[in-house]
Amino acid sequence: METELDHKRSITAWTLYDWANSSFATSVMGAILPNYFGAYIASGNNVTLWGYTVAIGSLLAALISPILGAIADFKASKKKFLGAFAALGIISTALLFFINKPEQWLLCCILYILGTIGFAGSLVFYDSLLPHVAKEDEMDQVSSKGYAMGYIGGGLLLLVNIVMIFFGPKLTPQLGEREATMLWMRLSIASVAIWWAVFSIPIFRRVHEPTRMAEEGELNQSVLKVGVQRFIKAFKEIREFKDLFWFMLTFFVYANGIGTIITMAAAFATNLGFSTITVLGTFLMVQFVAAPFALLFGTLSKKLGIKRAITYSLLVYTVVAVVGYFMTKEWHFFLLGFGVAMVQGGSQALSRSLVGKLMPKSKSAEFYGFFSVSEKFNTVIGPAIMAVVTQLTGEGRLGILSLVVFFVAGMLMLQKVDIERGTRRAQEEDARMVAVQ
(Lines give C-alpha, C1' and ligand atoms only; values in the text may rest on other atoms or scores of the structure.)
Protein backbone atom coordinates (compact mmCIF):
# COMPACT_ATOMS: atom_id res chain seq x y z
CA MET A 1 0.00 0.00 0.00
CA GLU A 2 1.46 3.36 -1.04
CA THR A 3 1.62 5.91 1.77
CA GLU A 4 0.90 9.61 1.24
CA LEU A 5 4.62 10.32 1.63
CA ASP A 6 5.47 7.73 -1.02
CA HIS A 7 2.85 9.26 -3.28
CA LYS A 8 4.36 12.73 -2.94
CA ARG A 9 7.86 11.39 -3.53
CA SER A 10 6.79 9.59 -6.68
CA ILE A 11 5.19 12.81 -8.00
CA THR A 12 8.39 14.75 -7.27
CA ALA A 13 10.49 12.06 -8.96
CA TRP A 14 8.19 12.09 -11.98
CA THR A 15 8.37 15.88 -12.34
CA LEU A 16 12.18 15.78 -12.02
CA TYR A 17 12.37 13.99 -15.36
CA ASP A 18 10.84 17.14 -16.88
CA TRP A 19 13.63 19.05 -15.10
CA ALA A 20 16.19 16.62 -16.61
CA ASN A 21 15.13 16.36 -20.25
CA SER A 22 14.05 19.98 -20.70
CA SER A 23 17.72 20.92 -20.91
CA PHE A 24 17.69 19.23 -24.33
CA ALA A 25 14.67 21.25 -25.38
CA THR A 26 16.16 24.57 -24.27
CA SER A 27 19.83 24.28 -25.15
CA VAL A 28 19.91 21.72 -27.98
CA MET A 29 16.57 22.12 -29.73
CA GLY A 30 15.87 25.73 -28.87
CA ALA A 31 18.79 28.08 -28.27
CA ILE A 32 22.40 26.93 -28.49
CA LEU A 33 22.64 24.21 -31.15
CA PRO A 34 20.51 26.04 -33.78
CA ASN A 35 22.57 29.18 -33.13
CA TYR A 36 25.85 27.23 -33.28
CA PHE A 37 24.72 25.41 -36.42
CA GLY A 38 23.71 28.63 -38.16
CA ALA A 39 26.78 30.63 -37.15
CA TYR A 40 29.58 28.07 -37.55
CA ILE A 41 28.41 24.92 -39.35
CA ALA A 42 25.88 25.86 -42.05
CA SER A 43 25.88 29.65 -42.18
CA GLY A 44 23.81 31.13 -45.01
CA ASN A 45 21.60 28.07 -45.38
CA ASN A 46 20.65 27.46 -41.77
CA VAL A 47 16.87 28.08 -41.78
CA THR A 48 16.14 25.72 -44.68
CA LEU A 49 18.59 22.97 -43.63
CA TRP A 50 17.66 23.16 -39.95
CA GLY A 51 13.96 23.12 -40.80
CA TYR A 52 14.34 19.88 -42.73
CA THR A 53 16.51 18.36 -39.98
CA VAL A 54 13.95 19.15 -37.29
CA ALA A 55 11.17 17.74 -39.47
CA ILE A 56 12.98 14.46 -40.18
CA GLY A 57 13.86 13.85 -36.53
CA SER A 58 10.32 14.53 -35.37
CA LEU A 59 8.82 12.37 -38.14
CA LEU A 60 10.91 9.34 -37.21
CA ALA A 61 10.09 9.80 -33.52
CA ALA A 62 6.40 10.03 -34.31
CA LEU A 63 6.33 6.89 -36.47
CA ILE A 64 7.86 4.56 -33.87
CA SER A 65 5.95 5.84 -30.84
CA PRO A 66 2.57 4.03 -31.08
CA ILE A 67 3.84 0.48 -31.55
CA LEU A 68 6.44 0.91 -28.79
CA GLY A 69 3.72 2.26 -26.54
CA ALA A 70 1.59 -0.81 -27.21
CA ILE A 71 4.46 -3.16 -26.33
CA ALA A 72 5.31 -1.19 -23.18
CA ASP A 73 1.71 -1.37 -21.93
CA PHE A 74 1.51 -5.14 -22.39
CA LYS A 75 4.96 -5.92 -21.01
CA ALA A 76 4.70 -3.43 -18.12
CA SER A 77 8.02 -1.95 -19.23
CA LYS A 78 7.36 1.77 -19.50
CA LYS A 79 10.39 2.60 -17.35
CA LYS A 80 12.71 0.33 -19.35
CA PHE A 81 11.68 1.94 -22.62
CA LEU A 82 12.00 5.38 -21.04
CA GLY A 83 15.54 4.50 -19.97
CA ALA A 84 16.52 3.16 -23.39
CA PHE A 85 15.33 6.25 -25.25
CA ALA A 86 16.79 8.61 -22.66
CA ALA A 87 20.16 6.85 -23.10
CA LEU A 88 19.95 7.31 -26.88
CA GLY A 89 19.26 11.02 -26.42
CA ILE A 90 21.99 11.49 -23.81
CA ILE A 91 24.70 9.73 -25.85
CA SER A 92 23.78 11.53 -29.10
CA THR A 93 23.87 14.88 -27.30
CA ALA A 94 27.28 14.13 -25.79
CA LEU A 95 28.68 13.28 -29.24
CA LEU A 96 27.63 16.69 -30.58
CA PHE A 97 30.63 18.05 -28.67
CA PHE A 98 32.87 16.73 -31.45
CA ILE A 99 31.15 18.75 -34.22
CA ASN A 100 33.52 21.63 -34.96
CA LYS A 101 33.90 21.88 -38.76
CA PRO A 102 31.50 22.96 -41.57
CA GLU A 103 32.09 19.66 -43.39
CA GLN A 104 30.55 17.87 -40.39
CA TRP A 105 27.12 19.42 -41.04
CA LEU A 106 25.61 16.07 -42.02
CA LEU A 107 26.93 14.31 -38.91
CA CYS A 108 25.57 17.18 -36.82
CA CYS A 109 22.13 16.73 -38.40
CA ILE A 110 22.22 12.95 -37.83
CA LEU A 111 23.19 13.29 -34.17
CA TYR A 112 20.47 15.88 -33.65
CA ILE A 113 17.92 13.53 -35.27
CA LEU A 114 19.02 10.64 -33.01
CA GLY A 115 18.87 12.95 -30.00
CA THR A 116 15.37 14.05 -30.97
CA ILE A 117 14.25 10.42 -31.28
CA GLY A 118 15.66 9.69 -27.82
CA PHE A 119 14.09 12.81 -26.33
CA ALA A 120 10.68 12.35 -27.95
CA GLY A 121 10.59 8.59 -27.44
CA SER A 122 11.33 8.88 -23.72
CA LEU A 123 8.51 11.41 -23.36
CA VAL A 124 5.96 8.89 -24.67
CA PHE A 125 6.67 6.62 -21.70
CA TYR A 126 7.18 9.50 -19.27
CA ASP A 127 3.78 10.95 -20.19
CA SER A 128 2.16 7.51 -19.98
CA LEU A 129 3.16 7.28 -16.31
CA LEU A 130 1.15 10.42 -15.45
CA PRO A 131 -2.26 8.70 -14.99
CA HIS A 132 -0.56 6.16 -12.70
CA VAL A 133 1.45 8.66 -10.65
CA ALA A 134 -1.29 11.29 -10.19
CA LYS A 135 -4.78 10.77 -8.83
CA GLU A 136 -7.74 11.66 -11.05
CA ASP A 137 -8.38 15.03 -9.38
CA GLU A 138 -4.72 16.14 -9.38
CA MET A 139 -3.64 15.39 -12.95
CA ASP A 140 -3.94 19.01 -14.15
CA GLN A 141 -1.82 20.26 -11.27
CA VAL A 142 0.80 17.46 -11.47
CA SER A 143 1.14 17.88 -15.25
CA SER A 144 1.50 21.64 -14.80
CA LYS A 145 4.07 21.11 -12.04
CA GLY A 146 6.05 18.90 -14.39
CA TYR A 147 6.15 21.62 -17.04
CA ALA A 148 7.06 24.23 -14.42
CA MET A 149 9.93 22.05 -13.19
CA GLY A 150 11.01 21.59 -16.79
CA TYR A 151 11.13 25.31 -17.44
CA ILE A 152 13.07 26.00 -14.26
CA GLY A 153 15.52 23.12 -14.78
CA GLY A 154 16.04 23.87 -18.45
CA GLY A 155 16.33 27.56 -17.66
CA LEU A 156 18.94 27.07 -14.95
CA LEU A 157 21.20 25.03 -17.20
CA LEU A 158 20.66 27.50 -20.05
CA LEU A 159 21.74 30.28 -17.68
CA VAL A 160 24.89 28.33 -16.85
CA ASN A 161 25.46 27.74 -20.57
CA ILE A 162 25.09 31.43 -21.40
CA VAL A 163 27.64 32.32 -18.71
CA MET A 164 29.98 29.67 -20.15
CA ILE A 165 29.59 30.99 -23.70
CA PHE A 166 30.13 34.65 -22.91
CA PHE A 167 32.78 34.42 -20.18
CA GLY A 168 34.46 31.10 -21.04
CA PRO A 169 36.43 32.45 -24.05
CA LYS A 170 38.24 34.81 -21.67
CA LEU A 171 39.70 31.71 -20.02
CA THR A 172 41.00 30.41 -23.37
CA PRO A 173 42.25 33.53 -25.21
CA GLN A 174 45.02 31.54 -26.91
CA LEU A 175 42.40 29.91 -29.16
CA GLY A 176 41.19 33.15 -30.69
CA GLU A 177 37.67 34.55 -30.32
CA ARG A 178 35.97 32.32 -32.91
CA GLU A 179 37.52 29.03 -31.82
CA ALA A 180 37.09 29.81 -28.14
CA THR A 181 33.40 30.64 -28.57
CA MET A 182 32.87 27.43 -30.54
CA LEU A 183 34.58 25.42 -27.79
CA TRP A 184 32.42 26.83 -25.02
CA MET A 185 29.24 26.38 -27.05
CA ARG A 186 30.20 22.72 -27.59
CA LEU A 187 30.93 22.34 -23.86
CA SER A 188 27.50 23.82 -23.14
CA ILE A 189 25.85 21.22 -25.39
CA ALA A 190 27.85 18.44 -23.67
CA SER A 191 26.66 19.70 -20.26
CA VAL A 192 23.10 18.89 -21.38
CA ALA A 193 23.98 15.20 -21.58
CA ILE A 194 25.34 15.24 -18.01
CA TRP A 195 22.35 17.18 -16.64
CA TRP A 196 19.86 14.90 -18.40
CA ALA A 197 21.55 11.75 -17.09
CA VAL A 198 21.91 12.85 -13.46
CA PHE A 199 18.40 14.18 -12.93
CA SER A 200 16.79 11.17 -14.63
CA ILE A 201 17.84 8.90 -11.74
CA PRO A 202 14.90 9.69 -9.36
CA ILE A 203 12.16 8.54 -11.74
CA PHE A 204 13.74 5.08 -11.94
CA ARG A 205 14.15 4.87 -8.17
CA ARG A 206 10.87 6.34 -6.91
CA VAL A 207 8.20 5.70 -9.57
CA HIS A 208 6.79 2.18 -9.66
CA GLU A 209 6.08 0.37 -12.89
CA PRO A 210 2.26 0.22 -13.31
CA THR A 211 0.53 -3.14 -13.08
CA ARG A 212 0.48 -5.06 -16.32
CA MET A 213 -3.01 -5.08 -17.85
CA ALA A 214 -4.07 -7.48 -20.57
CA GLU A 215 -7.09 -9.05 -22.19
CA GLU A 216 -7.58 -12.71 -21.39
CA GLY A 217 -6.62 -13.91 -24.89
CA GLU A 218 -3.26 -12.12 -24.77
CA LEU A 219 -1.78 -13.77 -21.69
CA ASN A 220 0.20 -16.52 -23.46
CA GLN A 221 1.21 -14.61 -26.60
CA SER A 222 4.59 -13.13 -27.45
CA VAL A 223 5.38 -9.53 -26.63
CA LEU A 224 6.06 -8.51 -30.24
CA LYS A 225 2.91 -10.18 -31.54
CA VAL A 226 0.74 -8.54 -28.89
CA GLY A 227 2.47 -5.20 -29.47
CA VAL A 228 1.72 -5.27 -33.20
CA GLN A 229 -1.83 -6.53 -32.61
CA ARG A 230 -2.48 -3.83 -30.03
CA PHE A 231 -1.13 -1.15 -32.33
CA ILE A 232 -3.40 -2.25 -35.19
CA LYS A 233 -6.36 -2.65 -32.85
CA ALA A 234 -5.75 0.68 -31.14
CA PHE A 235 -5.45 2.37 -34.53
CA LYS A 236 -8.91 1.04 -35.39
CA GLU A 237 -10.45 1.48 -31.94
CA ILE A 238 -9.22 4.97 -31.12
CA ARG A 239 -12.11 6.34 -33.18
CA GLU A 240 -14.47 4.58 -30.77
CA PHE A 241 -13.14 6.89 -28.07
CA LYS A 242 -14.88 9.77 -29.78
CA ASP A 243 -13.74 12.62 -27.57
CA LEU A 244 -10.18 11.33 -27.20
CA PHE A 245 -9.87 10.94 -30.97
CA TRP A 246 -11.33 14.37 -31.68
CA PHE A 247 -9.09 16.04 -29.11
CA MET A 248 -6.01 14.38 -30.60
CA LEU A 249 -7.00 15.81 -33.99
CA THR A 250 -7.59 19.18 -32.35
CA PHE A 251 -4.25 19.07 -30.58
CA PHE A 252 -2.55 18.06 -33.82
CA VAL A 253 -3.90 21.21 -35.47
CA TYR A 254 -2.99 23.82 -32.87
CA ALA A 255 0.24 22.09 -31.83
CA ASN A 256 1.58 22.67 -35.34
CA GLY A 257 1.65 26.37 -34.58
CA ILE A 258 3.18 25.89 -31.13
CA GLY A 259 5.84 23.47 -32.34
CA THR A 260 6.95 25.72 -35.17
CA ILE A 261 7.40 28.68 -32.85
CA ILE A 262 9.43 26.62 -30.36
CA THR A 263 11.79 24.92 -32.83
CA MET A 264 12.26 27.64 -35.45
CA ALA A 265 12.43 30.83 -33.39
CA ALA A 266 16.21 30.80 -32.89
CA ALA A 267 16.98 29.96 -36.54
CA PHE A 268 14.55 32.67 -37.74
CA ALA A 269 16.00 35.29 -35.37
CA THR A 270 19.55 34.40 -36.41
CA ASN A 271 18.53 34.71 -40.05
CA LEU A 272 17.21 38.23 -39.33
CA GLY A 273 20.63 39.14 -38.00
CA PHE A 274 19.71 39.27 -34.32
CA SER A 275 22.65 38.88 -31.96
CA THR A 276 23.45 35.69 -30.08
CA ILE A 277 22.95 37.45 -26.74
CA THR A 278 19.43 38.52 -27.80
CA VAL A 279 18.48 35.01 -28.91
CA LEU A 280 19.91 33.25 -25.84
CA GLY A 281 18.69 35.96 -23.47
CA THR A 282 15.15 35.67 -24.81
CA PHE A 283 15.15 31.88 -24.45
CA LEU A 284 16.43 32.23 -20.90
CA MET A 285 13.70 34.73 -20.05
CA VAL A 286 11.06 32.39 -21.52
CA GLN A 287 12.16 29.55 -19.24
CA PHE A 288 11.74 31.47 -15.99
CA VAL A 289 8.59 33.37 -16.99
CA ALA A 290 6.94 30.19 -18.29
CA ALA A 291 7.35 28.28 -15.00
CA PRO A 292 4.93 30.34 -12.84
CA PHE A 293 2.52 30.71 -15.77
CA ALA A 294 2.44 26.91 -16.19
CA LEU A 295 1.42 26.59 -12.53
CA LEU A 296 -1.11 29.39 -13.00
CA PHE A 297 -2.79 27.53 -15.83
CA GLY A 298 -3.07 24.45 -13.61
CA THR A 299 -5.06 26.60 -11.17
CA LEU A 300 -7.05 28.32 -13.92
CA SER A 301 -8.24 24.96 -15.22
CA LYS A 302 -10.06 24.40 -11.92
CA LYS A 303 -11.74 27.81 -11.98
CA LEU A 304 -12.45 28.24 -15.69
CA GLY A 305 -12.45 24.67 -16.96
CA ILE A 306 -9.66 23.04 -18.92
CA LYS A 307 -11.14 23.82 -22.37
CA ARG A 308 -11.50 27.52 -21.68
CA ALA A 309 -7.98 27.73 -20.23
CA ILE A 310 -6.49 26.12 -23.37
CA THR A 311 -8.60 28.43 -25.56
CA TYR A 312 -7.19 31.52 -23.83
CA SER A 313 -3.66 30.26 -24.43
CA LEU A 314 -4.38 29.83 -28.14
CA LEU A 315 -5.71 33.39 -28.35
CA VAL A 316 -2.39 34.67 -27.05
CA TYR A 317 -0.52 32.51 -29.57
CA THR A 318 -2.63 34.01 -32.35
CA VAL A 319 -1.57 37.52 -31.36
CA VAL A 320 2.08 36.41 -31.20
CA ALA A 321 1.92 34.98 -34.74
CA VAL A 322 0.37 38.15 -36.18
CA VAL A 323 2.83 40.48 -34.45
CA GLY A 324 5.72 38.16 -35.40
CA TYR A 325 5.10 38.89 -39.08
CA PHE A 326 6.08 42.53 -38.49
CA MET A 327 9.11 41.79 -36.29
CA THR A 328 12.18 43.82 -37.32
CA LYS A 329 14.00 44.81 -34.14
CA GLU A 330 15.62 42.72 -31.44
CA TRP A 331 13.36 44.03 -28.68
CA HIS A 332 10.40 42.78 -30.73
CA PHE A 333 11.82 39.26 -30.39
CA PHE A 334 12.15 39.67 -26.63
CA LEU A 335 8.56 40.98 -26.33
CA LEU A 336 7.14 38.12 -28.39
CA GLY A 337 9.17 35.69 -26.30
CA PHE A 338 7.42 36.99 -23.20
CA GLY A 339 4.03 36.44 -24.87
CA VAL A 340 4.98 32.86 -25.71
CA ALA A 341 6.24 32.29 -22.16
CA MET A 342 2.83 33.23 -20.77
CA VAL A 343 1.06 30.35 -22.51
CA GLN A 344 3.60 27.78 -23.67
CA GLY A 345 3.77 25.67 -20.52
CA GLY A 346 0.08 25.99 -19.69
CA SER A 347 -1.16 24.96 -23.13
CA GLN A 348 1.12 21.92 -23.25
CA ALA A 349 0.55 20.83 -19.64
CA LEU A 350 -3.24 21.02 -19.89
CA SER A 351 -3.22 19.24 -23.25
CA ARG A 352 -1.21 16.38 -21.74
CA SER A 353 -3.52 16.27 -18.75
CA LEU A 354 -6.69 16.27 -20.86
CA VAL A 355 -5.44 13.32 -22.89
CA GLY A 356 -4.77 11.48 -19.62
CA LYS A 357 -8.38 12.06 -18.55
CA LEU A 358 -9.82 10.82 -21.84
CA MET A 359 -7.76 7.63 -22.26
CA PRO A 360 -7.99 4.26 -20.45
CA LYS A 361 -5.22 3.83 -17.88
CA SER A 362 -4.72 0.26 -19.09
CA LYS A 363 -3.64 1.62 -22.47
CA SER A 364 -1.82 4.76 -21.35
CA ALA A 365 1.46 4.18 -23.21
CA GLU A 366 -0.45 2.86 -26.21
CA PHE A 367 -2.62 5.95 -26.56
CA TYR A 368 0.09 8.35 -25.43
CA GLY A 369 2.00 6.89 -28.37
CA PHE A 370 -0.75 8.18 -30.65
CA PHE A 371 -0.75 11.46 -28.76
CA SER A 372 2.98 11.57 -29.42
CA VAL A 373 2.27 11.29 -33.14
CA SER A 374 0.11 14.41 -32.89
CA GLU A 375 2.69 16.04 -30.65
CA LYS A 376 5.74 15.21 -32.77
CA PHE A 377 4.14 15.98 -36.13
CA ASN A 378 3.85 19.56 -34.88
CA THR A 379 7.59 19.77 -35.52
CA VAL A 380 7.30 18.01 -38.88
CA ILE A 381 4.66 19.89 -40.83
CA GLY A 382 5.14 23.38 -39.38
CA PRO A 383 8.95 23.60 -39.70
CA ALA A 384 8.82 21.87 -43.11
CA ILE A 385 6.29 24.44 -44.35
CA MET A 386 8.41 27.26 -42.98
CA ALA A 387 11.50 25.81 -44.67
CA VAL A 388 9.69 25.47 -48.02
CA VAL A 389 8.24 28.99 -47.84
CA THR A 390 11.64 30.43 -46.98
CA GLN A 391 13.30 28.48 -49.80
CA LEU A 392 10.70 29.50 -52.42
CA THR A 393 10.18 33.13 -51.43
CA GLY A 394 13.33 34.02 -49.56
CA GLU A 395 11.06 35.38 -46.80
CA GLY A 396 10.18 33.45 -43.63
CA ARG A 397 7.64 36.01 -42.39
CA LEU A 398 4.83 34.46 -44.44
CA GLY A 399 5.43 31.18 -42.62
CA ILE A 400 5.06 32.94 -39.27
CA LEU A 401 1.76 34.52 -40.32
CA SER A 402 0.34 31.20 -41.55
CA LEU A 403 0.40 29.87 -37.97
CA VAL A 404 -2.75 31.89 -37.24
CA VAL A 405 -4.76 29.30 -39.17
CA PHE A 406 -3.61 26.51 -36.85
CA PHE A 407 -4.54 28.41 -33.69
CA VAL A 408 -7.97 29.59 -34.85
CA ALA A 409 -8.92 26.16 -36.17
CA GLY A 410 -7.74 24.57 -32.92
CA MET A 411 -9.91 26.88 -30.81
CA LEU A 412 -12.99 26.05 -32.88
CA MET A 413 -12.39 22.29 -32.83
CA LEU A 414 -11.73 22.25 -29.07
CA GLN A 415 -15.27 23.33 -28.29
CA LYS A 416 -16.63 19.99 -29.57
CA VAL A 417 -14.75 17.89 -27.00
CA ASP A 418 -17.07 16.49 -24.28
CA ILE A 419 -14.76 15.74 -21.34
CA GLU A 420 -17.33 14.02 -19.11
CA ARG A 421 -18.46 11.67 -21.87
CA GLY A 422 -14.86 10.88 -22.83
CA THR A 423 -13.89 10.12 -19.23
CA ARG A 424 -16.81 7.70 -18.82
CA ARG A 425 -15.81 5.87 -22.00
CA ALA A 426 -12.23 5.45 -20.75
CA GLN A 427 -13.45 4.03 -17.42
CA GLU A 428 -15.66 1.52 -19.22
CA GLU A 429 -12.65 0.27 -21.18
CA ASP A 430 -10.55 -0.15 -18.03
CA ALA A 431 -13.31 -2.25 -16.47
CA ARG A 432 -12.87 -4.85 -19.24
CA MET A 433 -9.18 -5.44 -18.53
CA VAL A 434 -7.61 -7.82 -16.00
CA ALA A 435 -4.51 -7.28 -13.86
CA VAL A 436 -1.57 -9.62 -14.53
CA GLN A 437 0.95 -10.21 -11.76
# chains A, B, ... in the order shown; residues from 1 in each chain; ligands from 1
call {"tool": "closest_atom_pairs", "arguments": {"of": "range 127-164 of chain A", "to": "range 174-182 of chain A", "cutoff": "12 Å", "atoms": "only C-alpha atoms", "output": "tab-separated table"}}
result
residue	atom	partner	partner_atom	distance
A:Asn161	CA	A:Thr181	CA	11.6
A:Ile162	CA	A:Thr181	CA	11.0
A:Val163	CA	A:Thr181	CA	11.5
A:Met164	CA	A:Thr181	CA	9.1
call {"tool": "residues_around", "arguments": {"residues": "range 96-110 of chain A", "least_positions_apart": "2", "cutoff": "10 Å", "atoms": "only C-alpha atoms", "output": "ChimeraX atom specification"}}
result
/A:28,33,36-37,40-43,49-50,52-54,56-57,91-94,112-116,179,182-191,193
call {"tool": "residues_around", "arguments": {"residues": "range 348-364 of chain A", "least_positions_apart": "2", "cutoff": "6 Å", "atoms": "only C-alpha atoms", "output": "list in words"}}
result
Ser128, Pro131, Met139, Asp140, Ser143, Ser144, Met213, Leu244, Gly345, Gly346, Glu366, Phe367, Tyr368, Gly422, Thr423, Ala426 and Asp430 of chain A
call {"tool": "atom_distance", "arguments": {"atom1": "CA of Tyr325 in chain A", "atom2": "CA of Leu401 in chain A"}}
result
5.6 Å
call {"tool": "closest_residue", "arguments": {"among": "A:Val323, A:Gly153, A:Gly89, A:Ser347", "to": "Phe199 in chain A", "atoms": "only C-alpha atoms"}}
result
A:Gly153
call {"tool": "select_by_dssp", "arguments": {"residues": "range 144-349 of chain A", "states": "alpha helix (DSSP H)", "output": "count of residues only"}}
result
167
call {"tool": "closest_residue", "arguments": {"among": "A:Gln427, A:Ser200, A:Asn256, A:Thr328", "to": "Gly410 in chain A", "atoms": "only C-alpha atoms"}}
result
A:Asn256
call {"tool": "closest_residue", "arguments": {"among": "A:Arg424, A:Lys416, A:Lys303, A:Arg206", "to": "Trp14 in chain A", "atoms": "only C-alpha atoms"}}
result
A:Arg206
call {"tool": "residues_around", "arguments": {"residues": "Ser301 in chain A", "least_positions_apart": "5", "cutoff": "9 Å", "atoms": "only C-alpha atoms", "output": "list in words"}}
result
Asp140, Gln141, Leu296, Ile306, Lys307, Arg308, Ala309, Ile310 and Leu350 of chain A
call {"tool": "write_last_selection", "arguments": {"atoms": "N, CA and C atoms", "output": "CSV table (one decimal), in the first residue's frame"}}
result
chain,number,residue,atom,x,y,z
A,140,ASP,N,-4.2,17.7,-13.6
A,140,ASP,CA,-3.9,19.0,-14.1
A,140,ASP,C,-2.8,19.7,-13.4
A,141,GLN,N,-2.8,19.6,-12.1
A,141,GLN,CA,-1.8,20.3,-11.3
A,141,GLN,C,-0.5,19.6,-11.4
A,296,LEU,N,0.1,28.6,-13.0
A,296,LEU,CA,-1.1,29.4,-13.0
A,296,LEU,C,-2.2,28.7,-13.8
A,306,ILE,N,-10.9,23.3,-18.2
A,306,ILE,CA,-9.7,23.0,-18.9
A,306,ILE,C,-9.8,23.5,-20.4
A,307,LYS,N,-11.0,23.4,-21.0
A,307,LYS,CA,-11.1,23.8,-22.4
A,307,LYS,C,-11.0,25.3,-22.5
A,308,ARG,N,-11.6,26.1,-21.6
A,308,ARG,CA,-11.5,27.5,-21.7
A,308,ARG,C,-10.1,28.0,-21.4
A,309,ALA,N,-9.4,27.3,-20.5
A,309,ALA,CA,-8.0,27.7,-20.2
A,309,ALA,C,-7.1,27.5,-21.5
A,310,ILE,N,-7.3,26.4,-22.1
A,310,ILE,CA,-6.5,26.1,-23.4
A,310,ILE,C,-6.9,27.1,-24.4
A,350,LEU,N,-1.8,21.3,-19.9
A,350,LEU,CA,-3.2,21.0,-19.9
A,350,LEU,C,-3.6,20.1,-21.0
